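Have a look at the structure below before the remarks.
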Amino acid sequence: MRYEFLIGLRYLRARRRERFVSIIAIISLAGIAIGTFTLSVALSVMSGFEKDLRARLLAFTPQVTIERTDGGVWNPADLEKKIAAMPEVEASAPYVTSQVMAVSSTDSGAPGLVSGGILRGVQPHDNPVLKELKSTLENGTLADLETTHPVTIVEKGVKRVVQLPGAILGKSLAYELGVRPGDAVILISPTSLGAGIGPPRLKRFVVTGFFHSGMYDFDSTLAFVALKDGRALLADDASLESGLELRLHNMFDAPQVRDKIAAMAGPDFEVKDWTTANAPLFAALALEKFTYFMVLLLIVLVAAFNIIATLVMVVMERRREIAIVRTMGARAASVASIFLCEGAALGVIGTVLGVGAGFVTAFLIGRYHLIHLPADMFMVSAVPVMINPWNFVLVAAATIVLCLAAAIYPALQAARLSPVEVIRYE
């Protein structure tokens, strides 16, 4: 071990008459530990919220979608075969989607409550693209969309039992319509209402289940039906959007996969991915995380100023020792290294304590859900945490760099001391 480091550590252990310097060093150490602890926990919580939000969005937003630019109906079978050969693609499935009006049925047969929504016709059977949707179901299963179900309806005062296809509604949408599992709901194509030619195009469904994603935009608008039933309702509408939705092995490959498929499909098709569909939201989250990092890093910066004060006082107290070391042959660079080692020691010890405590705290919060949130106000009932090693590495690196930078000025001052002048007058 080099003598510069040994002397630097020895200078941190102040003598009896230099206890004040030691106290300031302890305060600096505590400031660094508190700053890195707070920063580590905050980044873990922010990463947890981002991961949770991304998972909830991707449960209802396909990772990659392919649609015709004119919004027309097309047969995706040929393109689907080419896409299936791509190594990044895990699965693909056709879908249809369009805005609809949802109307609940009453016991008297008169129209009930009305709400706008978005219809998604999907393949319920063995559809890996809908893997996340299954985890949000509170009632029913996707298999219920493939079969018809007996429902009692009232028409012109007469009750009769009919077989209706199933539909899964968002929990908030079902609440707005006042329907429960087993109730009938009417979905109407809004473009057929505006056409003014013939009766409006509508189709009855039976509510087979609810889903609850925690995202109000999804829970209050989406209605899932079987692909064949969605096409039966919307096939003649100019507003119909039909296409392919893809699930990838790695969701972060979506931009590259999008570009490959766009070149393969040609100009008649529009290819989108989840990063572009929600770009403003994820950009805002990234900016918020960066802002938290910079603001909380100010705590470490304040502690770094304490390191400057500590080392300046150490230089003043150790002028005689510095002069003796210089007369014994030590170079100015070696003297500067002594105080750089002091700053590095304070930074490393404080960082290890703070980052270590932050890691343990973040792990406990995520593992045992120590911080609870009101479920009716937030998407989650407990604070989510994501343990990302790079967050802790970034915090540790930034802290150590700041501590080394804080030690530069006192180190240069010590290196500039003239041993002759110090010995002559002291």
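Just so we're on the same page: first chain in the structure tokens is A, next is B, and so on; residues restart at 1 for each chain, and ligands are numbered from 1 in the order they show up.
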Please identify all polymer residues within 12 Å of Asp229 (chain A), counting only C-alpha atoms, omitting same-chain residues fewer than 6 positions from it, and present them as a short mmCIF file (atom, residue, chain, number, x, y, z; two decimals) with C-alpha atoms, in the first residue's frame.
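Output contents, as saved in result_10.cif:
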```cif
data_model
loop_
_atom_site.label_atom_id
_atom_site.label_comp_id
_atom_site.auth_asym_id
_atom_site.auth_seq_id
_atom_site.Cartn_x
_atom_site.Cartn_y
_atom_site.Cartn_z
CA TYR A 95 -57.40 -7.87 -34.80
CA VAL A 96 -60.04 -5.27 -35.65
CA THR A 97 -60.74 -2.08 -33.76
CA LEU A 119 -64.18 -2.19 -29.66
CA ARG A 120 -61.31 -4.65 -30.11
CA GLY A 121 -62.01 -7.85 -31.96
CA VAL A 122 -59.31 -10.41 -31.07
CA GLN A 123 -58.58 -14.10 -31.37
CA PRO A 124 -59.42 -15.42 -27.90
CA LEU A 145 -65.66 -14.88 -26.12
CA GLU A 146 -65.65 -17.87 -28.45
CA THR A 147 -69.01 -19.30 -27.42
CA THR A 148 -72.56 -18.01 -27.23
CA LEU A 164 -75.46 -14.03 -27.62
CA PRO A 165 -71.69 -13.85 -28.13
CA GLY A 166 -69.59 -12.79 -25.16
CA ALA A 167 -67.84 -9.48 -24.47
CA LEU A 187 -72.68 -2.18 -29.35
CA LEU A 202 -75.64 -2.88 -34.02
CA LYS A 203 -75.04 -6.19 -32.32
CA ARG A 204 -76.01 -7.59 -28.93
CA PHE A 205 -73.44 -9.14 -26.65
CA ALA A 235 -66.91 -5.08 -41.77
#
```
Name the residues in contact with Pro389 (chain A) at a cut-off of 12 Å, using only C-alpha atoms, excluding same-chain residues fewer than 5 positions from it; report them as a CSV table (one decimal) with C-alpha atoms, in the first residue's frame.
```
chain,number,residue,atom,x,y,z
A,40,SER,CA,-30.7,5.2,-4.5
A,43,LEU,CA,-34.3,6.0,-8.4
A,44,SER,CA,-35.5,2.5,-7.5
A,47,SER,CA,-37.9,2.8,-12.0
A,355,VAL,CA,-25.8,2.9,-1.4
A,356,GLY,CA,-25.8,-0.3,0.7
A,358,GLY,CA,-30.5,2.2,-0.1
A,359,PHE,CA,-30.3,-1.2,-1.7
A,362,ALA,CA,-35.4,-0.6,-1.7
A,363,PHE,CA,-35.4,-4.4,-1.5
A,394,LEU,CA,-24.5,5.5,-11.4
A,395,VAL,CA,-25.2,6.9,-7.9
A,396,ALA,CA,-21.9,5.5,-6.6
```
Could you check how far CA of Ala91 (chain A) sits from CA of Gln63 (chain A), in Å to one decimal? 10.7 Å
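When only C-alpha atoms are used to compute distances to Leu29 (chain A), the closest of the residues A:Ala345, A:Leu287, A:Val393, A:Leu412 turns out to be A:Ala345.
Taking CA of Ala223 (chain A) and CA of Ala174 (chain A) as endpoints, the distance between them is 9.4 Å.
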Run DSSP on the backbone of this structure and report the residues of region 30-279 of chain A it assigns to strand (DSSP E), as a ChimeraX atom specification. /A:64-68,89-105,111-122,148-155,158-170,184-188,202-211,222-226,241-248,269-273
